[in-house]
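Visitor: Supplied structure: my_file.txt, compact mmCIF, C-alpha atoms.
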```txt
# COMPACT_ATOMS: atom_id res chain seq x y z
CA MET A 1 208.07 -154.05 7.40
CA ASP A 2 208.15 -152.24 10.76
CA LEU A 3 208.23 -154.03 14.10
CA ARG A 4 204.56 -153.55 14.81
CA GLU A 5 203.61 -155.34 11.60
CA ARG A 6 205.99 -158.17 12.43
CA LEU A 7 204.43 -158.38 15.90
CA ARG A 8 200.95 -158.67 14.39
CA ARG A 9 202.06 -161.46 12.07
CA LEU A 10 203.92 -163.29 14.82
CA ALA A 11 201.21 -162.86 17.43
CA GLY A 12 200.09 -166.46 17.17
CA THR A 13 203.51 -167.86 18.05
CA ALA A 14 202.89 -167.65 21.80
CA GLY A 15 201.33 -171.10 21.70
CA ALA A 16 204.87 -172.47 21.38
CA GLU A 17 205.56 -171.35 24.94
CA HIS A 18 204.18 -174.59 26.32
CA ALA A 19 204.74 -175.76 29.83
CA ARG A 20 206.57 -178.78 31.13
CA PRO A 21 205.65 -181.63 30.98
CA ALA A 22 205.63 -181.66 27.22
CA ALA A 23 201.86 -181.43 26.64
CA PRO A 24 201.12 -177.78 25.71
CA GLY A 25 198.41 -175.82 27.43
CA PRO A 26 195.48 -174.20 25.60
CA PRO A 27 196.60 -171.74 22.94
CA PRO A 28 196.51 -168.08 23.93
CA LEU A 29 193.87 -165.78 22.51
CA LEU A 30 195.01 -163.55 19.68
CA PRO A 31 196.12 -160.06 20.73
CA PRO A 32 194.74 -156.86 19.17
CA PRO A 33 197.11 -154.96 16.87
CA SER A 34 199.35 -152.17 18.11
CA THR A 35 198.12 -148.69 17.28
CA SER A 36 200.44 -146.39 19.26
CA SER A 37 202.81 -144.26 17.17
CA GLY A 38 206.40 -144.74 18.31
CA LEU A 39 205.31 -147.10 21.08
CA GLY A 40 204.89 -150.75 20.20
CA ILE A 41 202.27 -152.50 22.33
CA ARG A 42 201.70 -156.23 22.30
CA ARG A 43 198.93 -157.87 24.32
CA ILE A 44 198.69 -161.63 24.62
CA ALA A 45 195.90 -163.19 26.66
CA TYR A 46 196.35 -166.68 28.07
CA ARG A 47 193.47 -168.73 29.36
CA LEU A 48 193.52 -169.04 33.14
CA ASP A 49 194.02 -172.81 32.90
CA HIS A 50 197.10 -172.35 30.70
CA ARG A 51 199.99 -174.10 32.48
CA HIS A 52 203.38 -172.46 32.77
CA GLY A 53 205.66 -175.04 34.31
CA THR A 54 203.72 -176.99 36.92
CA ARG A 55 201.18 -174.24 37.69
CA ALA A 56 198.13 -172.79 35.97
CA LEU A 57 198.23 -169.02 35.56
CA GLY A 58 194.80 -168.64 37.15
CA GLU A 59 196.17 -169.90 40.47
CA VAL A 60 197.49 -166.37 41.03
CA ALA A 61 194.00 -165.35 42.20
CA LYS A 62 194.20 -167.87 45.06
CA VAL A 63 197.48 -166.59 46.51
CA ARG A 64 197.04 -165.53 50.13
CA PRO A 65 198.78 -162.17 50.63
CA GLY A 66 199.33 -162.82 54.34
CA ALA A 67 201.57 -165.83 53.68
CA LEU A 68 203.84 -163.73 51.48
CA ALA A 69 203.67 -160.74 53.82
CA ALA A 70 205.19 -162.84 56.60
CA LEU A 71 208.23 -163.47 54.37
CA GLU A 72 208.47 -159.91 53.08
CA GLY A 73 210.35 -157.07 54.72
CA PRO A 74 209.71 -153.55 53.32
CA ALA A 75 206.21 -154.16 51.91
CA SER A 76 204.93 -156.55 54.59
CA ALA A 77 202.36 -154.23 56.21
CA ALA A 78 200.81 -153.20 52.90
CA LEU A 79 200.71 -156.80 51.71
CA ALA A 80 199.11 -158.01 54.92
CA ALA A 81 196.42 -155.35 54.52
CA LEU A 82 195.27 -156.77 51.18
CA PRO A 83 191.89 -158.53 51.40
CA PRO A 84 191.44 -162.22 50.56
CA GLY A 85 191.66 -162.54 46.80
CA GLY A 86 193.65 -159.30 46.62
CA PHE A 87 196.35 -160.98 44.58
CA ALA A 88 193.95 -161.23 41.65
CA GLY A 89 194.86 -157.60 41.04
CA ALA A 90 198.63 -158.21 41.17
CA ARG A 91 200.77 -157.10 38.26
CA PHE A 92 203.98 -158.96 37.51
CA PHE A 93 206.54 -156.81 35.74
CA ASP A 94 209.97 -157.11 34.17
CA VAL A 95 212.09 -154.63 32.22
CA GLU A 96 214.78 -154.83 29.58
CA THR A 97 217.28 -151.96 29.52
CA THR A 98 220.02 -150.71 27.21
CA SER A 99 222.60 -151.48 29.93
CA ILE A 100 222.70 -153.32 33.25
CA GLY A 101 224.22 -150.19 34.78
CA GLY A 102 222.51 -146.97 35.78
CA GLY A 103 222.76 -143.35 34.73
CA ALA A 104 221.13 -140.85 32.43
CA GLY A 105 222.01 -142.74 29.26
CA VAL A 106 220.35 -146.03 30.24
CA TYR A 107 216.88 -146.45 28.71
CA VAL A 108 214.14 -148.90 29.61
CA PHE A 109 213.29 -150.07 26.13
CA LEU A 110 210.84 -152.85 27.04
CA LEU A 111 208.41 -153.31 29.92
CA GLY A 112 206.40 -156.48 30.33
CA VAL A 113 203.39 -156.39 32.67
CA GLY A 114 201.14 -159.36 33.33
CA GLY A 115 198.09 -160.08 35.44
CA ILE A 116 194.55 -161.38 35.51
CA GLU A 117 192.03 -159.40 33.47
CA GLY A 118 188.57 -160.91 33.49
CA ASP A 119 188.78 -164.54 32.39
CA ALA A 120 192.36 -164.35 31.04
CA PHE A 121 195.92 -163.75 32.18
CA VAL A 122 197.12 -160.90 29.98
CA VAL A 123 200.75 -160.03 29.30
CA GLU A 124 201.19 -156.56 27.87
CA GLN A 125 204.56 -155.49 26.49
CA LEU A 126 205.48 -151.85 25.88
CA LEU A 127 208.32 -151.49 23.40
CA LEU A 128 210.23 -148.25 22.81
CA GLU A 129 210.26 -148.22 18.99
CA SER A 130 212.09 -144.89 19.07
CA PRO A 131 213.80 -143.05 21.94
CA ALA A 132 211.59 -140.08 21.10
CA ALA A 133 208.60 -142.05 22.35
CA GLU A 134 210.04 -142.59 25.84
CA ARG A 135 207.59 -140.24 27.54
CA ALA A 136 204.69 -142.14 25.97
CA LEU A 137 206.12 -145.43 27.22
CA LEU A 138 206.57 -144.07 30.74
CA ALA A 139 203.06 -142.64 30.84
CA ALA A 140 201.63 -145.98 29.72
CA ALA A 141 203.81 -147.82 32.22
CA ALA A 142 202.72 -145.59 35.11
CA GLU A 143 199.06 -146.12 34.25
CA ARG A 144 199.42 -149.89 34.32
CA LEU A 145 201.62 -150.12 37.40
CA ARG A 146 199.46 -147.76 39.49
CA ALA A 147 196.36 -149.84 38.76
CA ALA A 148 197.84 -152.92 40.50
CA SER A 149 196.88 -154.13 43.96
CA VAL A 150 200.49 -155.24 44.36
CA LEU A 151 203.53 -155.10 42.06
CA VAL A 152 205.61 -158.26 41.82
CA SER A 153 209.14 -158.52 40.41
CA PHE A 154 212.25 -160.66 40.63
CA ALA A 155 215.25 -158.67 41.88
CA GLY A 156 213.12 -155.69 40.91
CA ARG A 157 213.63 -153.62 44.01
CA GLY A 158 217.32 -153.33 43.24
CA PHE A 159 217.10 -153.17 39.44
CA ASP A 160 213.75 -152.83 37.64
CA GLU A 161 212.27 -150.27 40.03
CA ARG A 162 215.47 -148.21 40.12
CA ARG A 163 215.86 -148.12 36.34
CA LEU A 164 212.24 -147.07 35.89
CA ALA A 165 212.49 -144.50 38.70
CA ASP A 166 215.56 -143.01 36.99
CA ARG A 167 213.66 -142.62 33.73
CA PHE A 168 210.60 -141.11 35.44
CA ALA A 169 212.90 -138.58 37.11
CA MET A 170 214.61 -137.74 33.80
CA ALA A 171 211.22 -137.17 32.17
CA ALA A 172 209.93 -135.11 35.15
CA LEU A 173 207.08 -137.60 35.64
CA ALA A 174 205.76 -138.88 38.95
CA SER A 175 206.99 -142.38 39.70
CA PRO A 176 204.28 -145.00 40.33
CA PHE A 177 206.54 -146.50 43.00
CA ARG A 178 206.01 -143.46 45.23
CA GLU A 179 202.89 -143.85 47.32
CA GLY A 180 201.76 -146.52 44.89
CA PRO A 181 200.91 -150.19 45.41
CA PRO A 182 203.26 -152.32 47.52
CA HIS A 183 206.20 -153.84 45.65
CA LEU A 184 206.94 -157.51 46.38
CA ASP A 185 210.40 -158.65 45.27
CA LEU A 186 210.35 -162.44 44.96
CA LEU A 187 214.13 -162.89 44.87
CA PRO A 188 214.77 -162.94 48.66
CA LEU A 189 211.70 -165.12 49.17
CA ALA A 190 212.87 -167.60 46.54
CA ARG A 191 216.33 -167.67 48.12
CA ALA A 192 214.76 -168.43 51.49
CA VAL A 193 212.54 -171.26 50.25
CA PHE A 194 214.70 -172.86 47.57
CA GLY A 195 218.23 -171.72 48.46
CA GLY A 196 219.03 -174.96 50.26
CA ARG A 197 218.57 -177.08 47.16
CA LEU A 198 219.88 -174.83 44.37
CA ALA A 199 223.35 -173.51 43.65
CA SER A 200 221.74 -170.30 42.40
CA ALA A 201 218.33 -168.69 42.85
CA ARG A 202 218.25 -167.09 39.40
CA LEU A 203 214.87 -167.19 37.70
CA ARG A 204 216.21 -169.55 35.03
CA ASP A 205 217.46 -171.96 37.72
CA LEU A 206 214.06 -171.93 39.41
CA GLU A 207 212.41 -172.79 36.09
CA ALA A 208 214.77 -175.67 35.41
CA GLY A 209 215.49 -178.95 37.16
CA PRO A 210 213.15 -180.65 39.63
CA LEU A 211 211.27 -177.46 40.55
CA ALA A 212 209.93 -176.99 37.00
CA LEU A 213 208.50 -173.56 37.75
CA GLY A 214 208.62 -172.54 34.11
CA PRO A 215 208.97 -173.96 30.59
CA GLU A 216 212.02 -175.29 28.87
CA ARG A 217 213.72 -172.28 27.26
CA ALA A 218 215.28 -173.94 24.25
CA GLY A 219 216.83 -171.25 22.08
CA ASP A 220 216.09 -168.48 24.57
CA LEU A 221 218.02 -165.27 24.04
CA PRO A 222 220.07 -164.54 27.20
CA GLY A 223 219.17 -161.28 28.89
CA ALA A 224 222.71 -160.00 28.46
CA LEU A 225 222.24 -160.06 24.66
CA CYS A 226 218.93 -158.18 24.64
CA PRO A 227 220.48 -154.66 24.55
CA ASP A 228 222.56 -155.50 21.48
CA ALA A 229 219.47 -156.86 19.72
CA TYR A 230 217.61 -153.64 20.49
CA PHE A 231 220.44 -151.42 19.19
CA ARG A 232 220.51 -153.46 15.98
CA TYR A 233 216.75 -152.96 15.65
CA LEU A 234 217.12 -149.18 16.08
CA ARG A 235 219.75 -149.18 13.30
CA GLY A 236 217.23 -150.86 11.00
CA ASP A 237 218.97 -154.26 10.96
CA PRO A 238 216.34 -156.68 9.57
CA GLY A 239 218.14 -159.56 11.32
CA ALA A 240 217.80 -158.05 14.79
CA PRO A 241 216.24 -160.79 16.97
CA MET A 242 213.63 -158.54 18.59
CA GLU A 243 211.04 -161.32 18.61
CA ALA A 244 213.45 -163.33 20.77
CA VAL A 245 213.81 -160.35 23.12
CA LEU A 246 210.03 -160.08 23.46
CA ARG A 247 209.69 -163.79 24.10
CA HIS A 248 212.44 -163.70 26.76
CA ASN A 249 210.70 -160.85 28.55
CA ARG A 250 207.27 -162.48 28.27
CA LEU A 251 208.49 -165.77 29.74
CA ASP A 252 210.04 -163.88 32.64
CA VAL A 253 206.66 -162.29 33.40
CA LEU A 254 204.83 -165.62 33.26
CA SER A 255 207.46 -167.25 35.48
CA LEU A 256 207.01 -164.48 38.04
CA ALA A 257 203.33 -165.38 38.32
CA THR A 258 203.93 -169.09 38.84
CA LEU A 259 206.83 -168.43 41.21
CA ALA A 260 204.57 -166.32 43.44
CA VAL A 261 202.06 -169.17 43.54
CA GLU A 262 204.77 -171.71 44.35
CA VAL A 263 206.42 -169.67 47.11
CA GLU A 264 203.10 -168.94 48.82
CA ASP A 265 202.02 -172.56 48.60
CA ARG A 266 205.26 -173.88 50.05
CA ALA A 267 205.28 -171.28 52.80
CA ARG A 268 201.98 -172.71 54.01
CA LYS A 269 202.32 -176.41 53.24
CA SER A 270 205.93 -177.48 52.82
CA ARG A 271 207.18 -180.59 54.61
CA ASP A 272 210.62 -180.43 53.03
CA PRO A 273 213.13 -179.90 55.90
CA ALA A 274 215.46 -177.82 53.71
CA GLU A 275 212.60 -175.51 52.71
CA LEU A 276 211.35 -175.29 56.31
CA LEU A 277 214.86 -174.40 57.44
CA GLY A 278 215.00 -171.62 54.86
CA LEU A 279 211.58 -170.35 55.86
CA GLY A 280 212.47 -170.42 59.55
CA ARG A 281 215.70 -168.51 59.01
CA ARG A 282 213.86 -165.90 56.92
CA TYR A 283 211.20 -165.46 59.61
CA ALA A 284 213.90 -165.13 62.27
CA ARG A 285 215.75 -162.43 60.30
CA LEU A 286 212.50 -160.49 60.02
CA GLY A 287 211.88 -160.76 63.76
CA ARG A 288 208.95 -163.17 63.36
CA GLU A 289 210.01 -165.64 66.01
CA ASP A 290 206.37 -166.71 66.39
CA LEU A 291 206.66 -168.20 62.89
CA ALA A 292 210.36 -169.08 62.92
CA LEU A 293 210.25 -171.45 65.87
CA PRO A 294 207.39 -173.64 64.55
CA ALA A 295 208.98 -173.80 61.08
CA LEU A 296 212.37 -174.86 62.47
CA ALA A 297 210.79 -177.33 64.89
CA GLN A 298 208.87 -178.90 62.01
CA ALA A 299 212.08 -179.02 59.96
CA GLU A 300 213.72 -180.90 62.84
CA ASP A 301 210.84 -183.38 62.93
CA GLU A 302 210.88 -183.90 59.16
CA ALA A 303 214.67 -184.36 59.16
CA ARG A 304 214.67 -187.21 61.68
CA ALA A 305 214.73 -189.69 58.81
CA GLY A 306 218.14 -188.32 57.81
CA SER A 307 216.84 -186.43 54.78
CA LEU A 308 218.82 -183.27 55.62
CA PRO A 309 222.53 -183.13 54.68
CA ALA A 310 224.92 -182.75 57.61
CA PRO A 311 225.79 -179.06 57.00
CA GLU A 312 222.12 -178.11 56.93
CA ALA A 313 221.36 -180.30 59.95
CA ARG A 314 224.05 -178.42 61.91
CA LEU A 315 222.66 -175.09 60.77
CA LEU A 316 219.15 -176.16 61.80
CA ALA A 317 220.33 -177.17 65.29
CA GLU A 318 222.21 -173.88 65.64
CA GLU A 319 219.23 -171.77 64.56
CA LEU A 320 216.86 -173.65 66.87
CA GLY A 321 219.31 -173.25 69.73
CA ARG A 322 219.39 -169.47 69.28
CA LEU A 323 215.62 -169.15 69.26
CA LEU A 324 215.13 -171.44 72.24
CA LYS A 325 217.75 -169.52 74.18
CA ARG A 326 215.96 -166.24 73.50
CA ARG A 327 212.75 -167.85 74.75
CA GLY A 328 214.50 -168.84 77.99
CA ARG A 329 214.36 -172.55 77.21
CA LEU A 330 218.03 -173.03 78.06
CA ASP A 331 218.19 -176.81 78.48
CA GLU A 332 216.54 -177.32 75.08
CA ALA A 333 218.83 -174.72 73.55
CA LEU A 334 221.96 -176.38 74.96
CA ALA A 335 220.85 -179.73 73.54
CA ARG A 336 220.68 -178.16 70.05
CA PHE A 337 224.01 -176.39 70.48
CA SER A 338 225.61 -179.67 71.57
CA ALA A 339 224.23 -181.36 68.45
CA ALA A 340 225.55 -178.55 66.23
CA ALA A 341 228.96 -178.72 67.93
CA SER A 342 229.38 -182.47 67.43
CA GLY A 343 230.64 -184.44 64.45
CA PRO A 344 233.62 -183.92 62.14
CA LEU A 345 232.67 -180.33 61.21
CA PRO A 346 231.29 -178.69 64.36
CA SER A 347 229.67 -175.26 64.32
CA ILE A 348 231.89 -172.51 65.68
CA ALA A 349 228.82 -170.51 66.73
CA ALA A 350 227.47 -173.49 68.69
CA LEU A 351 230.83 -174.02 70.42
CA VAL A 352 230.87 -170.35 71.42
CA GLU A 353 227.34 -170.62 72.83
CA LEU A 354 228.37 -173.66 74.87
CA ALA A 355 231.46 -171.81 76.09
CA LYS A 356 229.35 -168.83 77.14
CA ASP A 357 226.96 -171.02 79.10
CA ALA A 358 229.80 -172.91 80.78
CA GLU A 359 231.52 -169.67 81.79
CA HIS A 360 228.60 -167.48 82.83
CA ARG A 361 225.88 -169.86 84.03
CA ALA A 362 227.50 -173.14 84.97
CA ARG A 363 230.79 -171.61 86.17
CA ASP A 364 232.55 -174.59 84.64
CA TRP A 365 235.90 -173.08 83.71
CA ALA A 366 237.36 -176.28 82.30
CA ALA A 367 234.40 -176.77 79.97
CA ALA A 368 234.46 -173.10 78.95
CA GLU A 369 238.16 -173.39 78.12
CA ALA A 370 237.70 -176.60 76.14
CA TYR A 371 234.81 -175.28 74.08
CA THR A 372 236.64 -172.02 73.35
CA LEU A 373 239.82 -173.83 72.33
CA ALA A 374 237.84 -176.00 69.93
CA ALA A 375 236.19 -172.90 68.42
CA LEU A 376 239.54 -171.12 68.24
CA ALA A 377 241.14 -174.00 66.31
CA LEU A 378 238.34 -173.90 63.74
CA ALA A 379 238.50 -170.10 63.47
CA ARG A 380 242.25 -170.18 62.88
CA ARG A 381 241.80 -172.84 60.22
CA GLY A 382 239.28 -170.61 58.50
CA ARG A 383 241.46 -167.51 58.91
CA ALA A 384 238.68 -165.58 60.62
CA GLY A 385 240.88 -162.84 62.05
CA ARG A 386 238.35 -160.85 64.10
CA LEU A 387 236.77 -164.00 65.52
CA VAL A 388 240.21 -165.38 66.41
CA ALA A 389 240.98 -162.21 68.35
CA ASP A 390 237.65 -162.43 70.20
CA LEU A 391 238.22 -166.06 71.11
CA GLU A 392 241.78 -165.40 72.26
CA ARG A 393 240.44 -162.75 74.63
CA ARG A 394 237.83 -165.20 75.88
CA ILE A 395 240.50 -167.85 76.50
CA ALA A 396 242.58 -165.40 78.51
CA ARG A 397 239.58 -164.37 80.60
CA VAL A 398 238.44 -167.95 81.25
CA ARG A 399 241.94 -169.04 82.24
CA ALA A 400 242.25 -166.12 84.61
CA ARG A 401 238.95 -166.99 86.25
CA LYS A 402 239.93 -170.63 86.34
CA GLY A 403 243.19 -169.71 88.09
CA ARG A 404 241.42 -167.60 90.69
CA ALA A 405 239.05 -170.53 91.37
CA GLY A 406 241.97 -172.84 92.04
CA GLY A 407 241.87 -174.59 88.69
CA GLU A 408 238.82 -176.58 89.53
CA GLY A 409 236.05 -177.15 87.02
CA TRP A 410 233.39 -179.58 86.02
CA LEU A 411 233.71 -182.21 83.37
CA LEU A 412 233.30 -181.15 79.75
CA ARG A 413 229.69 -181.69 78.66
CA GLY A 414 228.75 -183.21 75.34
```
Would you give me this structure, written as structure tokens?
Guide:
Amino acid sequence: MDLRERLRRLAGTAGAEHARPAAPGPPPLLPPPSTSSGLGIRRIAYRLDHRHGTRALGEVAKVRPGALAALEGPASAALAALPPGGFAGARFFDVETTSIGGGAGVYVFLLGVGGIEGDAFVVEQLLLESPAAERALLAAAAERLRAASVLVSFAGRGFDERRLADRFAMAALASPFREGPPHLDLLPLARAVFGGRLASARLRDLEAGPLALGPERAGDLPGALCPDAYFRYLRGDPGAPMEAVLRHNRLDVLSLATLAVEVEDRARKSRDPAELLGLGRRYARLGREDLALPALAQAEDEARAGSLPAPEARLLAEELGRLLKRRGRLDEALARFSAAASGPLPSIAALVELAKDAEHRARDWAAAEAYTLAALALARRGRAGRLVADLERRIARVRARKGRAGGEGWLLRG
């Protein structure tokens, strides 16, 4: 029995991919059989109210592109230009390759693409049943990816897109990533929003735990084992777990859809101070101070009940101080720097900012010296060689200026 026949017989198993909590969503519609020679194609259509994790797949159509564009770097302009409802044409994609490395010998043997089609969310999987069919797979992939309003991946800009682009180049085919739809990589956005509460922002970690962005993956085949399963399949091994590979890929595609919904929703509505801190820092790195300052100010308000751990509270005060300083609101900035520089683990950056203000604006040499010495002690403890050298030069300069002024200075603030 070839793989396509097994796929047809196993097509109804997708109903087992139920969401958490335990009650399963509506069963998916049955897919049509594969008919492509050398290229296995599986299509599974899920009803739009099918829940994957805590979200229904149909919520993708309600995603506001502008909210994600504000968090995106390279594709922000193209995303912002999408009309309301433009995310209904998004295509979420994930690849499986014969190696995690690059090079001419690395094949993309499976591409999963999902998105809304009519009244269903359809996941289509293109499987390379034989290396000889690679050109057919790439042609089919290009057709599907070019038709998207926006392409969505997870770590795809650094991996999935590059591996596909390599194969398009090897086959002398035009890449759909050139002058095609914008490509939104959800990994940096997920790190920004959820990084404060998770040890890792891997897709599996986002699915698990309190976030519940995807289903329980009991018995899931790890991605690192997928290449071996594929090689066994090519050798004709009847025990090759290719169905597990297809399920792993399909769940990744579905989780991409619900993750996009979750990130956009939290970017607009979150009241979690840790998430607001992450959003504010992301906006600031992208030069969107108009969005960063309100997000960080709201995080400060939400954290007044003590719901933010001390390290994050210091980071929040430090980030707010920087933005307020750039806006010329120096007294407010100094208040945040003083907060970040207090406590048992003061911020070196905040101490340096206080030292700069004391030296250059207040002309308070004693305060400048004290703040710099405190920063220097922390830098030496952390073995930050370049910073230590910078602070030692600052100490020498401040002491020289203090000596020329007769040793007088104001009292140390804070």
Visitor: Can you measure atom CA of A:Leu387 to atom CA of A:Leu279 for me? One decimal in Å is fine.
Guide: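 These atoms are spaced 27.7 Å apart.
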Visitor: In terms of the shortest atom-to-atom distance over all atoms listed in the file, which of A:Leu213, A:Ala299, A:Val122, A:Ala224 is closest to A:His52?
Guide: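 So, comparing all the options, the nearest one is A:Leu213.
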Visitor: Work out how far atom CA of A:Ser342 is from atom CA of A:Glu369, in Å to one decimal.
Guide: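 So the answer is 16.5 Å.
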Visitor: Rounded to one decimal place, report the atom CA of A:Ala140-atom CA of A:Met170 distance in Å.
Guide: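 Going from atom CA of A:Ala140 over to atom CA of A:Met170, I get 15.9 Å.
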Visitor: Select, counting all atoms listed in the file, all protein, DNA and RNA residues no farther than 9 Å from (215.1, -164.1, 28.2) in file coordinates, and express the selection as a list in words.
Guide: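 Final list of nearby residues, as requested, is Arg204, Arg217, Asp220, Leu221, Pro222, Gly223, Ala224, Leu225, Cys226, Ala244, Val245, Leu246, Arg247, His248, Asn249, Arg250, Leu251 and Asp252 of chain A.
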Visitor: Restricting it to C-alpha atoms, dump the selection as a PDB file, keeping the file's coordinate frame.
Guide:
```pdb
ATOM      1  CA  ARG A 204     216.210-169.550  35.030  1.00  0.00           C
ATOM      2  CA  ARG A 217     213.720-172.280  27.260  1.00  0.00           C
ATOM      3  CA  ASP A 220     216.090-168.480  24.570  1.00  0.00           C
ATOM      4  CA  LEU A 221     218.020-165.270  24.040  1.00  0.00           C
ATOM      5  CA  PRO A 222     220.070-164.540  27.200  1.00  0.00           C
ATOM      6  CA  GLY A 223     219.170-161.280  28.890  1.00  0.00           C
ATOM      7  CA  ALA A 224     222.710-160.000  28.460  1.00  0.00           C
ATOM      8  CA  LEU A 225     222.240-160.060  24.660  1.00  0.00           C
ATOM      9  CA  CYS A 226     218.930-158.180  24.640  1.00  0.00           C
ATOM     10  CA  ALA A 244     213.450-163.330  20.770  1.00  0.00           C
ATOM     11  CA  VAL A 245     213.810-160.350  23.120  1.00  0.00           C
ATOM     12  CA  LEU A 246     210.030-160.080  23.460  1.00  0.00           C
ATOM     13  CA  ARG A 247     209.690-163.790  24.100  1.00  0.00           C
ATOM     14  CA  HIS A 248     212.440-163.700  26.760  1.00  0.00           C
ATOM     15  CA  ASN A 249     210.700-160.850  28.550  1.00  0.00           C
ATOM     16  CA  ARG A 250     207.270-162.480  28.270  1.00  0.00           C
ATOM     17  CA  LEU A 251     208.490-165.770  29.740  1.00  0.00           C
ATOM     18  CA  ASP A 252     210.040-163.880  32.640  1.00  0.00           C
TER      19      ASP A 252
END
```
Visitor: Residues within 12 Å of A:Ser307, please, as a PyMOL selection string. Count all atoms listed in the file; anything in the same chain fewer than 3 positions from it doesn't count.
Guide: chain A and resi 271-275+299-304+310-313
Visitor: I'd like to know which of A:Phe168, A:Phe159, A:Phe109, A:Phe194 is closest to A:Leu234, using all atoms listed in the file.
Guide: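 Of A:Phe168, A:Phe159, A:Phe109, A:Phe194, the one nearest A:Leu234, counting all atoms listed in the file, is A:Phe109.
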Visitor: With 5 Å of padding per side, what axis-aligned box (centre and edge lengths, Å, one decimal) covers all the listed atoms of stretch 123-128 of chain A? Give it as JSON.
Guide:
```
{"center_x": 205.5, "center_y": -154.1, "center_z": 26.1, "size_x": 19.5, "size_y": 21.8, "size_z": 16.5}
```
Visitor: Please list as number ranges by chain every residue within 8 Å of A:Ala90, counting all atoms listed in the file and excluding residues in the same chain fewer than 3 positions away.
Guide: A: 86-87, 115-116, 148-152
Visitor: Identify which of the residues A:Gly158, A:Pro188, A:Gly89, A:Gly180 lies closest to A:Gly101, counting all atoms listed in the file when measuring atom-to-atom distances.
Guide: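 Smallest separation from A:Gly101 among the options: A:Gly158.
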Visitor: Using all atoms listed in the file, can you tell me which of A:Ala141, A:Ala284, A:Glu264, A:Phe231 comes closest to A:Lys62?
Guide: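 Counting all atoms listed in the file, the residue closest to A:Lys62 is A:Glu264.
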Visitor: Go through A:Ala389, A:Leu334, A:Leu110, A:Leu48 one by one, measure the shortest atom-to-atom distance of each to A:Lys356 using all atoms listed in the file, and give the residue with the smallest value.
Guide: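 Under the stated criterion, the closest residue is A:Leu334.
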Visitor: Ranking A:Leu308, A:Ile395, A:Val261, A:Ala70 by minimum distance to A:Tyr283 and counting only C-alpha atoms, which one comes first?
Guide: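 Under the stated criterion, the closest residue is A:Ala70.
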